[in-house]
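Colleague: If it helps, the file is called model.pdb and holds PDB, C-alpha atoms:
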```
MODEL        1
ATOM      1  CA  MET Z   1      14.940 -66.694 -48.770
ATOM      2  CA  ASN Z   2      12.914 -64.138 -46.783
ATOM      3  CA  VAL Z   3       9.360 -63.683 -48.093
ATOM      4  CA  PRO Z   4       8.195 -60.028 -47.935
ATOM      5  CA  THR Z   5       5.378 -59.328 -45.500
ATOM      6  CA  ALA Z   6       3.265 -56.244 -44.917
ATOM      7  CA  ALA Z   7       5.836 -55.154 -42.325
ATOM      8  CA  THR Z   8       8.845 -55.603 -44.591
ATOM      9  CA  ARG Z   9       7.569 -54.439 -47.986
ATOM     10  CA  GLY Z  10       9.260 -51.228 -49.030
ATOM     11  CA  ILE Z  11      12.528 -52.096 -47.252
ATOM     12  CA  ALA Z  12      15.060 -51.602 -50.025
ATOM     13  CA  VAL Z  13      18.012 -53.377 -48.379
ATOM     14  CA  ASP Z  14      18.558 -57.125 -48.098
ATOM     15  CA  LEU Z  15      21.554 -59.395 -47.599
ATOM     16  CA  ALA Z  16      22.529 -59.142 -51.270
ATOM     17  CA  THR Z  17      22.497 -55.336 -51.056
ATOM     18  CA  ILE Z  18      24.736 -55.434 -47.987
ATOM     19  CA  ARG Z  19      27.137 -57.874 -49.641
ATOM     20  CA  ALA Z  20      27.315 -55.600 -52.695
ATOM     21  CA  ALA Z  21      28.025 -52.644 -50.393
ATOM     22  CA  HIS Z  22      30.806 -54.601 -48.715
ATOM     23  CA  ALA Z  23      32.424 -55.412 -52.055
ATOM     24  CA  ARG Z  24      32.189 -51.722 -52.991
ATOM     25  CA  ILE Z  25      33.742 -50.307 -49.821
ATOM     26  CA  ALA Z  26      36.149 -53.090 -48.772
ATOM     27  CA  PRO Z  27      39.181 -51.570 -50.576
ATOM     28  CA  GLN Z  28      38.693 -48.303 -48.656
ATOM     29  CA  ILE Z  29      37.844 -49.370 -45.083
ATOM     30  CA  HIS Z  30      39.515 -51.360 -42.329
ATOM     31  CA  ARG Z  31      38.314 -54.868 -41.536
ATOM     32  CA  THR Z  32      38.246 -54.165 -37.826
ATOM     33  CA  PRO Z  33      39.285 -56.761 -35.234
ATOM     34  CA  VAL Z  34      37.065 -58.637 -32.786
ATOM     35  CA  MET Z  35      38.284 -58.637 -29.181
ATOM     36  CA  THR Z  36      37.269 -60.429 -25.986
ATOM     37  CA  SER Z  37      37.717 -59.948 -22.233
ATOM     38  CA  ARG Z  38      37.047 -62.542 -19.550
ATOM     39  CA  SER Z  39      36.558 -59.843 -16.910
ATOM     40  CA  LEU Z  40      33.941 -58.063 -19.026
ATOM     41  CA  ASP Z  41      32.220 -61.406 -19.639
ATOM     42  CA  GLU Z  42      31.944 -61.883 -15.885
ATOM     43  CA  ALA Z  43      30.653 -58.350 -15.347
ATOM     44  CA  ALA Z  44      28.001 -58.759 -18.051
ATOM     45  CA  GLY Z  45      27.010 -62.367 -17.381
ATOM     46  CA  ALA Z  46      27.527 -63.339 -21.022
ATOM     47  CA  THR Z  47      30.351 -64.175 -23.428
ATOM     48  CA  LEU Z  48      31.092 -60.992 -25.348
ATOM     49  CA  PHE Z  49      32.745 -60.407 -28.710
ATOM     50  CA  PHE Z  50      33.587 -56.765 -29.394
ATOM     51  CA  LYS Z  51      33.730 -55.596 -33.035
ATOM     52  CA  CYS Z  52      36.127 -52.647 -32.806
ATOM     53  CA  GLU Z  53      34.704 -50.010 -35.122
ATOM     54  CA  ASN Z  54      36.412 -47.386 -32.969
ATOM     55  CA  LEU Z  55      39.486 -48.497 -34.977
ATOM     56  CA  GLN Z  56      37.701 -47.872 -38.295
ATOM     57  CA  LYS Z  57      38.587 -45.034 -40.691
ATOM     58  CA  VAL Z  58      37.513 -41.736 -39.052
ATOM     59  CA  ALA Z  59      37.345 -43.787 -35.824
ATOM     60  CA  ALA Z  60      33.704 -44.768 -36.345
ATOM     61  CA  PHE Z  61      31.472 -47.267 -38.144
ATOM     62  CA  LYS Z  62      29.963 -44.276 -39.970
ATOM     63  CA  ALA Z  63      32.764 -44.611 -42.541
ATOM     64  CA  ARG Z  64      30.965 -47.672 -43.913
ATOM     65  CA  GLY Z  65      27.635 -46.058 -44.722
ATOM     66  CA  ALA Z  66      29.095 -42.778 -45.948
ATOM     67  CA  CYS Z  67      31.565 -44.579 -48.188
ATOM     68  CA  ASN Z  68      28.879 -46.777 -49.715
ATOM     69  CA  ALA Z  69      26.629 -43.788 -50.358
ATOM     70  CA  VAL Z  70      29.340 -41.659 -51.978
ATOM     71  CA  LEU Z  71      30.739 -44.483 -54.113
ATOM     72  CA  SER Z  72      27.177 -45.238 -55.275
ATOM     73  CA  LEU Z  73      26.691 -41.740 -56.738
ATOM     74  CA  SER Z  74      26.709 -41.234 -60.485
ATOM     75  CA  VAL Z  75      29.483 -39.083 -61.955
ATOM     76  CA  ALA Z  76      27.017 -36.228 -62.472
ATOM     77  CA  GLU Z  77      25.708 -36.443 -58.907
ATOM     78  CA  ALA Z  78      29.181 -36.644 -57.420
ATOM     79  CA  ALA Z  79      30.379 -33.575 -59.345
ATOM     80  CA  ARG Z  80      27.912 -31.397 -57.411
ATOM     81  CA  GLY Z  81      29.207 -32.606 -54.051
ATOM     82  CA  VAL Z  82      27.399 -33.915 -50.989
ATOM     83  CA  VAL Z  83      25.795 -32.424 -47.908
ATOM     84  CA  THR Z  84      24.596 -33.795 -44.597
ATOM     85  CA  HIS Z  85      23.787 -32.795 -41.040
ATOM     86  CA  SER Z  86      25.676 -34.447 -38.224
ATOM     87  CA  SER Z  87      26.822 -33.970 -34.649
ATOM     88  CA  GLY Z  88      30.184 -35.309 -35.746
ATOM     89  CA  ASN Z  89      30.974 -38.871 -36.806
ATOM     90  CA  HIS Z  90      28.785 -39.072 -39.921
ATOM     91  CA  GLY Z  91      30.000 -35.637 -40.933
ATOM     92  CA  ALA Z  92      33.634 -36.698 -40.663
ATOM     93  CA  ALA Z  93      32.854 -39.925 -42.482
ATOM     94  CA  LEU Z  94      31.141 -38.104 -45.333
ATOM     95  CA  ALA Z  95      34.014 -35.617 -45.644
ATOM     96  CA  TRP Z  96      36.445 -38.549 -45.807
ATOM     97  CA  ALA Z  97      34.344 -40.468 -48.322
ATOM     98  CA  ALA Z  98      33.973 -37.359 -50.490
ATOM     99  CA  SER Z  99      37.750 -36.956 -50.500
ATOM    100  CA  LEU Z 100      38.045 -40.424 -52.071
ATOM    101  CA  ARG Z 101      36.243 -39.054 -55.138
ATOM    102  CA  GLY Z 102      37.723 -35.574 -54.945
ATOM    103  CA  ILE Z 103      34.346 -33.889 -54.459
ATOM    104  CA  PRO Z 104      33.206 -31.198 -51.990
ATOM    105  CA  ALA Z 105      31.329 -32.011 -48.793
ATOM    106  CA  TRP Z 106      29.265 -29.586 -46.736
ATOM    107  CA  ILE Z 107      28.588 -30.654 -43.156
ATOM    108  CA  VAL Z 108      25.839 -28.934 -41.185
ATOM    109  CA  MET Z 109      26.688 -29.193 -37.481
ATOM    110  CA  PRO Z 110      24.957 -27.902 -34.349
ATOM    111  CA  ALA Z 111      26.840 -24.992 -32.827
ATOM    112  CA  ASN Z 112      27.389 -27.022 -29.647
ATOM    113  CA  ALA Z 113      29.021 -29.983 -31.426
ATOM    114  CA  ALA Z 114      32.138 -31.293 -29.691
ATOM    115  CA  ALA Z 115      35.275 -29.445 -30.774
ATOM    116  CA  VAL Z 116      37.069 -32.727 -31.482
ATOM    117  CA  LYS Z 117      34.344 -33.647 -33.975
ATOM    118  CA  GLN Z 118      34.299 -30.203 -35.617
ATOM    119  CA  ASN Z 119      38.063 -30.407 -36.076
ATOM    120  CA  ALA Z 120      37.801 -33.901 -37.516
ATOM    121  CA  VAL Z 121      35.382 -32.719 -40.205
ATOM    122  CA  ARG Z 122      37.598 -29.791 -41.179
ATOM    123  CA  GLY Z 123      40.721 -31.923 -41.104
ATOM    124  CA  LEU Z 124      39.157 -34.265 -43.644
ATOM    125  CA  GLY Z 125      38.318 -31.436 -46.017
ATOM    126  CA  GLY Z 126      34.681 -30.854 -45.112
ATOM    127  CA  THR Z 127      33.152 -27.371 -45.023
ATOM    128  CA  VAL Z 128      31.275 -26.807 -41.769
ATOM    129  CA  ARG Z 129      28.023 -24.842 -41.669
ATOM    130  CA  PHE Z 130      26.710 -24.261 -38.159
ATOM    131  CA  CYS Z 131      23.062 -24.288 -37.069
ATOM    132  CA  GLU Z 132      20.983 -24.326 -33.933
ATOM    133  CA  PRO Z 133      20.871 -27.736 -32.157
ATOM    134  CA  THR Z 134      17.415 -28.732 -33.408
ATOM    135  CA  VAL Z 135      16.296 -31.138 -36.120
ATOM    136  CA  ALA Z 136      14.385 -28.367 -37.879
ATOM    137  CA  ALA Z 137      17.452 -26.110 -37.964
ATOM    138  CA  ARG Z 138      19.642 -28.913 -39.309
ATOM    139  CA  GLU Z 139      17.215 -29.739 -42.084
ATOM    140  CA  ALA Z 140      16.708 -26.085 -43.015
ATOM    141  CA  GLN Z 141      20.447 -25.464 -43.301
ATOM    142  CA  CYS Z 142      20.899 -28.614 -45.390
ATOM    143  CA  ALA Z 143      18.135 -27.452 -47.719
ATOM    144  CA  ALA Z 144      19.839 -24.063 -48.041
ATOM    145  CA  VAL Z 145      23.138 -25.705 -48.987
ATOM    146  CA  GLN Z 146      21.386 -27.930 -51.523
ATOM    147  CA  ALA Z 147      19.663 -24.931 -53.095
ATOM    148  CA  GLU Z 148      22.968 -23.055 -53.251
ATOM    149  CA  THR Z 149      25.202 -25.846 -54.558
ATOM    150  CA  GLY Z 150      23.076 -28.659 -55.992
ATOM    151  CA  ALA Z 151      24.785 -31.075 -53.598
ATOM    152  CA  THR Z 152      23.256 -34.506 -52.956
ATOM    153  CA  LEU Z 153      21.901 -35.041 -49.458
ATOM    154  CA  ILE Z 154      23.388 -38.086 -47.715
ATOM    155  CA  HIS Z 155      21.232 -38.461 -44.628
ATOM    156  CA  PRO Z 156      23.081 -39.711 -41.526
ATOM    157  CA  TYR Z 157      20.853 -42.768 -41.173
ATOM    158  CA  ASN Z 158      17.540 -42.556 -43.078
ATOM    159  CA  ASP Z 159      19.103 -43.535 -46.412
ATOM    160  CA  TRP Z 160      19.125 -47.061 -47.866
ATOM    161  CA  ARG Z 161      22.697 -46.658 -49.139
ATOM    162  CA  VAL Z 162      23.866 -45.697 -45.667
ATOM    163  CA  ILE Z 163      21.897 -48.518 -44.015
ATOM    164  CA  ALA Z 164      23.430 -51.070 -46.409
ATOM    165  CA  GLY Z 165      26.910 -49.797 -45.634
ATOM    166  CA  GLN Z 166      26.370 -49.968 -41.885
ATOM    167  CA  GLY Z 167      25.196 -53.570 -42.228
ATOM    168  CA  THR Z 168      28.643 -54.600 -43.439
ATOM    169  CA  ALA Z 169      30.005 -54.512 -39.867
ATOM    170  CA  ALA Z 170      27.622 -57.312 -38.843
ATOM    171  CA  LEU Z 171      28.484 -59.173 -42.035
ATOM    172  CA  GLU Z 172      32.146 -59.220 -40.988
ATOM    173  CA  LEU Z 173      31.350 -60.012 -37.343
ATOM    174  CA  LEU Z 174      29.261 -63.079 -38.188
ATOM    175  CA  ALA Z 175      31.806 -64.263 -40.734
ATOM    176  CA  GLU Z 176      34.408 -64.285 -37.961
ATOM    177  CA  ILE Z 177      32.175 -65.425 -35.067
ATOM    178  CA  PRO Z 178      29.312 -67.414 -36.662
ATOM    179  CA  GLN Z 179      28.264 -69.015 -33.369
ATOM    180  CA  LEU Z 180      26.797 -65.779 -31.950
ATOM    181  CA  ASP Z 181      23.432 -66.043 -30.200
ATOM    182  CA  ALA Z 182      22.777 -62.299 -30.129
ATOM    183  CA  VAL Z 183      24.161 -58.969 -31.277
ATOM    184  CA  ILE Z 184      23.723 -55.599 -29.574
ATOM    185  CA  VAL Z 185      24.434 -52.167 -31.070
ATOM    186  CA  PRO Z 186      23.721 -48.581 -29.998
ATOM    187  CA  VAL Z 187      20.677 -46.904 -31.527
ATOM    188  CA  GLY Z 188      20.258 -43.212 -32.243
ATOM    189  CA  GLY Z 189      18.766 -42.629 -35.672
ATOM    190  CA  GLY Z 190      18.824 -46.380 -36.265
ATOM    191  CA  GLY Z 191      21.024 -46.802 -39.344
ATOM    192  CA  LEU Z 192      23.423 -49.245 -37.696
ATOM    193  CA  LEU Z 193      20.687 -51.192 -35.921
ATOM    194  CA  SER Z 194      18.746 -51.437 -39.198
ATOM    195  CA  GLY Z 195      21.698 -52.673 -41.237
ATOM    196  CA  THR Z 196      22.787 -55.029 -38.463
ATOM    197  CA  SER Z 197      19.325 -56.585 -38.108
ATOM    198  CA  ILE Z 198      18.949 -57.121 -41.854
ATOM    199  CA  ALA Z 199      22.363 -58.783 -42.177
ATOM    200  CA  ALA Z 200      22.198 -60.820 -38.977
ATOM    201  CA  LYS Z 201      18.657 -62.139 -39.420
ATOM    202  CA  ALA Z 202      19.362 -63.112 -43.039
ATOM    203  CA  LEU Z 203      22.594 -64.907 -42.180
ATOM    204  CA  LYS Z 204      21.278 -66.558 -39.017
ATOM    205  CA  PRO Z 205      17.488 -66.300 -38.541
ATOM    206  CA  PRO Z 206      17.441 -67.464 -34.879
ATOM    207  CA  ILE Z 207      19.887 -64.749 -33.768
ATOM    208  CA  GLN Z 208      18.569 -62.109 -31.374
ATOM    209  CA  VAL Z 209      19.194 -58.488 -32.398
ATOM    210  CA  TYR Z 210      18.961 -55.723 -29.817
ATOM    211  CA  GLY Z 211      19.449 -51.987 -29.657
ATOM    212  CA  ALA Z 212      20.906 -50.087 -26.713
ATOM    213  CA  GLU Z 213      20.159 -46.473 -25.866
ATOM    214  CA  PRO Z 214      20.333 -44.057 -22.929
ATOM    215  CA  ALA Z 215      17.448 -43.986 -20.480
ATOM    216  CA  GLY Z 216      17.448 -40.209 -20.925
ATOM    217  CA  ALA Z 217      17.011 -40.506 -24.704
ATOM    218  CA  ASP Z 218      14.854 -43.601 -25.082
ATOM    219  CA  ASP Z 219      12.737 -42.644 -28.090
ATOM    220  CA  ALA Z 220      13.637 -45.831 -29.992
ATOM    221  CA  ALA Z 221      12.510 -48.055 -27.118
ATOM    222  CA  GLN Z 222       9.269 -46.083 -26.889
ATOM    223  CA  SER Z 223       8.788 -46.237 -30.662
ATOM    224  CA  LEU Z 224       9.254 -50.007 -30.761
ATOM    225  CA  ARG Z 225       6.893 -50.484 -27.841
ATOM    226  CA  LEU Z 226       4.145 -48.212 -29.224
ATOM    227  CA  GLY Z 227       4.463 -49.201 -32.880
ATOM    228  CA  ARG Z 228       5.011 -45.638 -34.120
ATOM    229  CA  ILE Z 229       7.865 -43.148 -34.248
ATOM    230  CA  VAL Z 230       8.152 -41.211 -31.006
ATOM    231  CA  PRO Z 231      10.202 -38.065 -31.720
ATOM    232  CA  GLN Z 232      13.281 -37.319 -29.665
ATOM    233  CA  LEU Z 233      12.337 -33.978 -28.084
ATOM    234  CA  ASP Z 234      14.543 -33.468 -25.033
ATOM    235  CA  PRO Z 235      17.466 -35.924 -24.979
ATOM    236  CA  ARG Z 236      19.449 -35.860 -21.757
ATOM    237  CA  THR Z 237      22.550 -37.972 -22.122
ATOM    238  CA  ILE Z 238      26.302 -37.819 -22.372
ATOM    239  CA  ALA Z 239      26.015 -40.033 -25.480
ATOM    240  CA  ASP Z 240      25.886 -37.204 -28.025
ATOM    241  CA  GLY Z 241      25.754 -39.579 -30.996
ATOM    242  CA  LEU Z 242      22.429 -41.032 -29.805
ATOM    243  CA  ARG Z 243      20.268 -37.923 -29.578
ATOM    244  CA  SER Z 244      18.544 -38.379 -32.950
ATOM    245  CA  SER Z 245      15.023 -39.588 -33.710
ATOM    246  CA  LEU Z 246      14.325 -42.641 -35.858
ATOM    247  CA  GLY Z 247      13.500 -42.081 -39.524
ATOM    248  CA  ASP Z 248      10.712 -43.742 -41.485
ATOM    249  CA  LYS Z 249      13.148 -46.138 -43.177
ATOM    250  CA  THR Z 250      14.979 -47.138 -40.011
ATOM    251  CA  PHE Z 251      11.735 -47.525 -38.074
ATOM    252  CA  ALA Z 252      10.343 -49.833 -40.769
ATOM    253  CA  VAL Z 253      13.355 -52.113 -40.397
ATOM    254  CA  ILE Z 254      13.632 -51.959 -36.621
ATOM    255  CA  SER Z 255       9.937 -52.582 -36.005
ATOM    256  CA  SER Z 256      10.008 -55.685 -38.210
ATOM    257  CA  ARG Z 257      13.364 -57.241 -37.301
ATOM    258  CA  VAL Z 258      14.645 -56.097 -33.893
ATOM    259  CA  ASP Z 259      13.919 -58.194 -30.808
ATOM    260  CA  GLY Z 260      14.109 -55.398 -28.254
ATOM    261  CA  ILE Z 261      15.863 -52.240 -27.098
ATOM    262  CA  GLY Z 262      17.509 -51.979 -23.705
ATOM    263  CA  THR Z 263      18.247 -48.728 -21.902
ATOM    264  CA  ALA Z 264      21.017 -47.759 -19.513
ATOM    265  CA  SER Z 265      21.578 -45.063 -16.917
ATOM    266  CA  GLU Z 266      24.189 -42.338 -17.358
ATOM    267  CA  GLU Z 267      26.187 -43.889 -14.518
ATOM    268  CA  ALA Z 268      26.296 -47.234 -16.347
ATOM    269  CA  ILE Z 269      27.357 -45.542 -19.598
ATOM    270  CA  VAL Z 270      30.326 -43.898 -17.888
ATOM    271  CA  ARG Z 271      31.221 -47.140 -16.093
ATOM    272  CA  ALA Z 272      31.067 -49.122 -19.344
ATOM    273  CA  MET Z 273      33.182 -46.570 -21.167
ATOM    274  CA  ARG Z 274      35.831 -46.628 -18.455
ATOM    275  CA  LEU Z 275      35.808 -50.442 -18.182
ATOM    276  CA  THR Z 276      36.374 -50.716 -21.936
ATOM    277  CA  TRP Z 277      39.346 -48.375 -21.699
ATOM    278  CA  GLU Z 278      40.731 -50.327 -18.723
ATOM    279  CA  LYS Z 279      40.055 -53.929 -19.777
ATOM    280  CA  LEU Z 280      40.285 -53.827 -23.569
ATOM    281  CA  LYS Z 281      42.711 -50.884 -23.720
ATOM    282  CA  LEU Z 282      40.421 -49.298 -26.302
ATOM    283  CA  VAL Z 283      39.405 -45.659 -26.513
ATOM    284  CA  ILE Z 284      35.637 -45.485 -27.090
ATOM    285  CA  GLU Z 285      33.191 -42.602 -26.867
ATOM    286  CA  PRO Z 286      30.097 -42.615 -24.637
ATOM    287  CA  SER Z 287      27.741 -43.644 -27.452
ATOM    288  CA  ALA Z 288      29.852 -46.734 -28.114
ATOM    289  CA  ALA Z 289      29.568 -47.775 -24.459
ATOM    290  CA  LEU Z 290      25.781 -48.236 -24.537
ATOM    291  CA  PRO Z 291      25.642 -51.985 -25.330
ATOM    292  CA  LEU Z 292      28.026 -52.831 -22.500
ATOM    293  CA  ALA Z 293      26.188 -50.416 -20.188
ATOM    294  CA  VAL Z 294      22.890 -52.188 -20.896
ATOM    295  CA  LEU Z 295      24.565 -55.548 -20.298
ATOM    296  CA  LEU Z 296      26.095 -54.376 -17.004
ATOM    297  CA  GLU Z 297      22.637 -53.376 -15.773
ATOM    298  CA  ARG Z 298      21.231 -56.730 -16.990
ATOM    299  CA  ASN Z 299      18.500 -55.006 -18.995
ATOM    300  CA  LEU Z 300      18.311 -57.539 -21.847
ATOM    301  CA  PRO Z 301      17.596 -61.320 -21.751
ATOM    302  CA  VAL Z 302      21.052 -62.492 -22.861
ATOM    303  CA  ALA Z 303      22.449 -64.116 -19.711
ATOM    304  CA  GLY Z 304      24.856 -66.909 -20.622
ATOM    305  CA  LEU Z 305      24.656 -66.230 -24.372
ATOM    306  CA  ARG Z 306      27.391 -65.475 -26.923
ATOM    307  CA  VAL Z 307      26.841 -61.827 -27.698
ATOM    308  CA  GLY Z 308      28.364 -59.644 -30.400
ATOM    309  CA  VAL Z 309      28.846 -55.978 -29.486
ATOM    310  CA  ILE Z 310      29.731 -53.304 -32.029
ATOM    311  CA  LEU Z 311      31.949 -50.620 -30.484
ATOM    312  CA  THR Z 312      30.799 -47.822 -32.715
ATOM    313  CA  GLY Z 313      33.305 -45.003 -32.302
ATOM    314  CA  GLY Z 314      36.325 -43.587 -30.533
ATOM    315  CA  ASN Z 315      36.151 -39.841 -31.058
ATOM    316  CA  VAL Z 316      36.601 -38.445 -27.555
ATOM    317  CA  ASP Z 317      37.591 -35.052 -26.203
ATOM    318  CA  LEU Z 318      40.501 -36.187 -24.032
ATOM    319  CA  ASP Z 319      40.343 -32.963 -22.031
ATOM    320  CA  ARG Z 320      36.746 -33.675 -20.931
ATOM    321  CA  LEU Z 321      36.577 -37.300 -19.893
ATOM    322  CA  PRO Z 322      33.353 -38.067 -17.991
ATOM    323  CA  TRP Z 323      35.055 -39.657 -14.997
ATOM    324  CA  GLN Z 324      37.291 -36.625 -14.406
ATOM    325  CA  THR Z 325      36.161 -33.977 -11.931
TER     326      THR Z 325
ENDMDL
END
```
Take the structure in this file and express it as C-alpha cells.

Modeller:
Amino acid sequence: MNVPTAATRGIAVDLATIRAAHARIAPQIHRTPVMTSRSLDEAAGATLFFKCENLQKVAAFKARGACNAVLSLSVAEAARGVVTHSSGNHGAALAWAASLRGIPAWIVMPANAAAVKQNAVRGLGGTVRFCEPTVAAREAQCAAVQAETGATLIHPYNDWRVIAGQGTAALELLAEIPQLDAVIVPVGGGGLLSGTSIAAKALKPPIQVYGAEPAGADDAAQSLRLGRIVPQLDPRTIADGLRSSLGDKTFAVISSRVDGIGTASEEAIVRAMRLTWEKLKLVIEPSAALPLAVLLERNLPVAGLRVGVILTGGNVDLDRLPWQT
C-alpha cells in the first residue's frame, strides 16, 4: 500500500478509484487491442507494445475519462447537462458519454479547431459554442454556458473523475502485458499521464512512466524540471491535442510519480505517424505519434526495455495529411 507523502497528499485518485472507474465504464467502451511490430522495435531500439486507443469509441482514449465523469454524476446533476472546452477529442467523448444518459452537452471549441473534430462533436449530439483559441476565452465561454444552463463542467483533464477514467487504459495494458519495464504516453494537459502513472506505479512500483510532448510545446517538461507549472503560451506543433497547459491536479500527480518527459521534433512526429500507418496499418493523429517520435529520436533512457505505448487517438483530416505537399 502506498503511504501518502507531502507530494502525494490531496491526490484523490488511487488504484482502487481507477478499478472502480473501469468497472463503471467497461460495458460502454472497447477493450482495445495491443499490437507489436518488429520493424518499429528495431527503429526505436526497444520492444514496443502499442495499446490501440485510436480504435476506442470516438477514436480516442478520451472516451474513458468522459464516460467515467458522466456516469458518476447524480441524477440531478445529469439533468442539467454537461459542458467542457476542447479542441476536439474530449469534446466528442463528452458528447458521446452524455448521449448514454440522454442529457445535453455543450462543447466550447476554438474557432480554428479541425473540421473533422467539429463534425465529430456535432455528429454525436453535442452543441458547439465557438471561442477564440486562448485558454481565457475557453474558460469564459464555459462559464457563460454554465450560467445560462446550470450544466456541470467536465474539465478535459484537470478533474479527478476524468483522470481515473484515463488510468483504465494502463490498467488494461498491464493486465495483458505485465512484464513491461516502462510505459510512455503523450502529455498535453496531463490527464492520461496522471492516470497512467497512478495505475502503473501502484500495479508495478519499479515501472518507469514517461510523458512525450512536442519540442515546440514543451511546457510539461519545463514544469517537471522546474517544479512548478509553466504555462503553455505559444505552442508551435502539428500535435493539436497537446497544446494545453498542465492543471494543478495533473501537475501534482506528474511531479510526484512521473520519471521524465521526452520531447520530439516536428519531423520526428510526422515520421512516427507515417511509420505507424505503414507498419501497424493503424490510422493515428499527430498527438498519438509523440511516444514513438520520442523513441525514434532516442530521447528517453529505455534502450532494450519492454515499453508500453498508448496510441491515443485516430481523428485525422484525411484531406490534410502532414506528409502530403

Colleague: I'd like the contact shell of region 71-84 of chain Z - 9 Å cut-off, only C-alpha atoms, skipping same-chain residues fewer than 5 positions apart - returned as a VMD selection string.

Modeller: chain Z and resid 21 24 to 25 66 90 to 91 94 to 95 97 to 98 100 to 109 138 to 139 142 145 to 146 149 to 156 161

Colleague: I need the output of the PyMOL selection byres ((chain Z and resi 307-314) around 7) for this file as a PDB file with C-alpha atoms, in the coordinates of the input; which residues are they?

Modeller:
```pdb
ATOM      1  CA  ALA Z  46      27.527 -63.339 -21.022  1.00  0.00           C
ATOM      2  CA  THR Z  47      30.351 -64.175 -23.428  1.00  0.00           C
ATOM      3  CA  LEU Z  48      31.092 -60.992 -25.348  1.00  0.00           C
ATOM      4  CA  PHE Z  49      32.745 -60.407 -28.710  1.00  0.00           C
ATOM      5  CA  PHE Z  50      33.587 -56.765 -29.394  1.00  0.00           C
ATOM      6  CA  LYS Z  51      33.730 -55.596 -33.035  1.00  0.00           C
ATOM      7  CA  CYS Z  52      36.127 -52.647 -32.806  1.00  0.00           C
ATOM      8  CA  GLU Z  53      34.704 -50.010 -35.122  1.00  0.00           C
ATOM      9  CA  ASN Z  54      36.412 -47.386 -32.969  1.00  0.00           C
ATOM     10  CA  ALA Z  59      37.345 -43.787 -35.824  1.00  0.00           C
ATOM     11  CA  ALA Z  60      33.704 -44.768 -36.345  1.00  0.00           C
ATOM     12  CA  PHE Z  61      31.472 -47.267 -38.144  1.00  0.00           C
ATOM     13  CA  LEU Z 180      26.797 -65.779 -31.950  1.00  0.00           C
ATOM     14  CA  ASP Z 181      23.432 -66.043 -30.200  1.00  0.00           C
ATOM     15  CA  ALA Z 182      22.777 -62.299 -30.129  1.00  0.00           C
ATOM     16  CA  VAL Z 183      24.161 -58.969 -31.277  1.00  0.00           C
ATOM     17  CA  ILE Z 184      23.723 -55.599 -29.574  1.00  0.00           C
ATOM     18  CA  VAL Z 185      24.434 -52.167 -31.070  1.00  0.00           C
ATOM     19  CA  VAL Z 283      39.405 -45.659 -26.513  1.00  0.00           C
ATOM     20  CA  ILE Z 284      35.637 -45.485 -27.090  1.00  0.00           C
ATOM     21  CA  GLU Z 285      33.191 -42.602 -26.867  1.00  0.00           C
ATOM     22  CA  ALA Z 288      29.852 -46.734 -28.114  1.00  0.00           C
ATOM     23  CA  PRO Z 291      25.642 -51.985 -25.330  1.00  0.00           C
ATOM     24  CA  LEU Z 305      24.656 -66.230 -24.372  1.00  0.00           C
ATOM     25  CA  ARG Z 306      27.391 -65.475 -26.923  1.00  0.00           C
ATOM     26  CA  ASN Z 315      36.151 -39.841 -31.058  1.00  0.00           C
ATOM     27  CA  VAL Z 316      36.601 -38.445 -27.555  1.00  0.00           C
TER      28      VAL Z 316
END
```

Colleague: Which residue is closest to Asn68 (chain Z)? Choose from Z:Thr127, Z:Gln166, Z:Asn89, Z:Asn158 and count only C-alpha atoms.

Modeller: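 Checking each candidate against Asn68 (chain Z), we get Z:Gln166 as the closest.
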
Colleague: If you apply the PyMOL selection byres ((chain Z and resi 233) around 10) to this file, what residues do you get, as an MDAnalysis selection string?

Modeller: chainID Z and resid 134:135 217 219 230:232 234:236 243:245

Colleague: With the file shown as input, list the residues that the PyMOL selection byres ((chain Z and resi 175) around 12) selects, as JSON, numbers by chain.

Modeller: {"Z": [19, 31, 33, 34, 51, 168, 169, 170, 171, 172, 173, 174, 176, 177, 178, 179, 180, 199, 200, 203, 204, 308]}

Colleague: Please, what distance in Å, to one decimal, runs between CA of Ala137 (chain Z) and CA of Pro110 (chain Z)?

Modeller: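 For CA of Ala137 (chain Z) relative to CA of Pro110 (chain Z), the distance reads 8.5 Å.
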
Colleague: Check the smallest atom-to-atom distance from each of Z:His30, Z:Arg228, Z:His85, Z:Arg122 to Ser99 (chain Z) using only C-alpha atoms, then report the winner.

Modeller: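 Checking each of Z:His30, Z:Arg228, Z:His85, Z:Arg122 against Ser99 (chain Z), counting only C-alpha atoms, the winner is Z:Arg122.
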
Colleague: Please, what is the axis-aligned box for every listed atom of region 298-304 of chain Z with 3 Å on each side, as centre and edge lengths in Å to one decimal, as AutoDock Vina command-line options?

Modeller:
```
--center_x 21.2 --center_y -61.0 --center_z -19.9 --size_x 13.3 --size_y 17.9 --size_z 11.9
```

Colleague: Within 12 Å of Glu267 (chain Z), counting only C-alpha atoms, which residues qualify if same-chain residues fewer than 3 places away don't, as a list in words?

Modeller: Pro214, Ala215, Gly216, Thr237, Ile238, Ala239, Thr263, Ala264, Val270, Arg271, Ala272, Met273, Arg274, Pro286, Ala289, Leu290, Ala293, Val294, Leu296, Glu297, Pro322 and Trp323 of chain Z

Colleague: Could you tell me how far CA of Gly165 (chain Z) sits from CA of Ala143 (chain Z), in Å to one decimal place?

Modeller: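 Distance between the two atoms: 24.1 Å.
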
Colleague: What does region 176-187 of chain Z look like written to a file with C-alpha atoms, as a PDB file, in the first residue's frame?

Modeller:
```
ATOM      1  CA  GLU Z 176      -2.336  -8.023 -20.780  1.00  0.00           C
ATOM      2  CA  ILE Z 177       1.426  -7.304 -20.761  1.00  0.00           C
ATOM      3  CA  PRO Z 178       2.509  -7.444 -17.087  1.00  0.00           C
ATOM      4  CA  GLN Z 179       6.210  -7.736 -17.935  1.00  0.00           C
ATOM      5  CA  LEU Z 180       6.505  -4.106 -19.109  1.00  0.00           C
ATOM      6  CA  ASP Z 181       9.553  -2.163 -17.929  1.00  0.00           C
ATOM      7  CA  ALA Z 182       8.215   1.245 -18.952  1.00  0.00           C
ATOM      8  CA  VAL Z 183       5.174   2.994 -20.371  1.00  0.00           C
ATOM      9  CA  ILE Z 184       5.126   6.171 -22.458  1.00  0.00           C
ATOM     10  CA  VAL Z 185       2.101   8.350 -23.246  1.00  0.00           C
ATOM     11  CA  PRO Z 186       1.614  11.784 -24.821  1.00  0.00           C
ATOM     12  CA  VAL Z 187       1.165  14.714 -22.450  1.00  0.00           C
TER      13      VAL Z 187
END
```
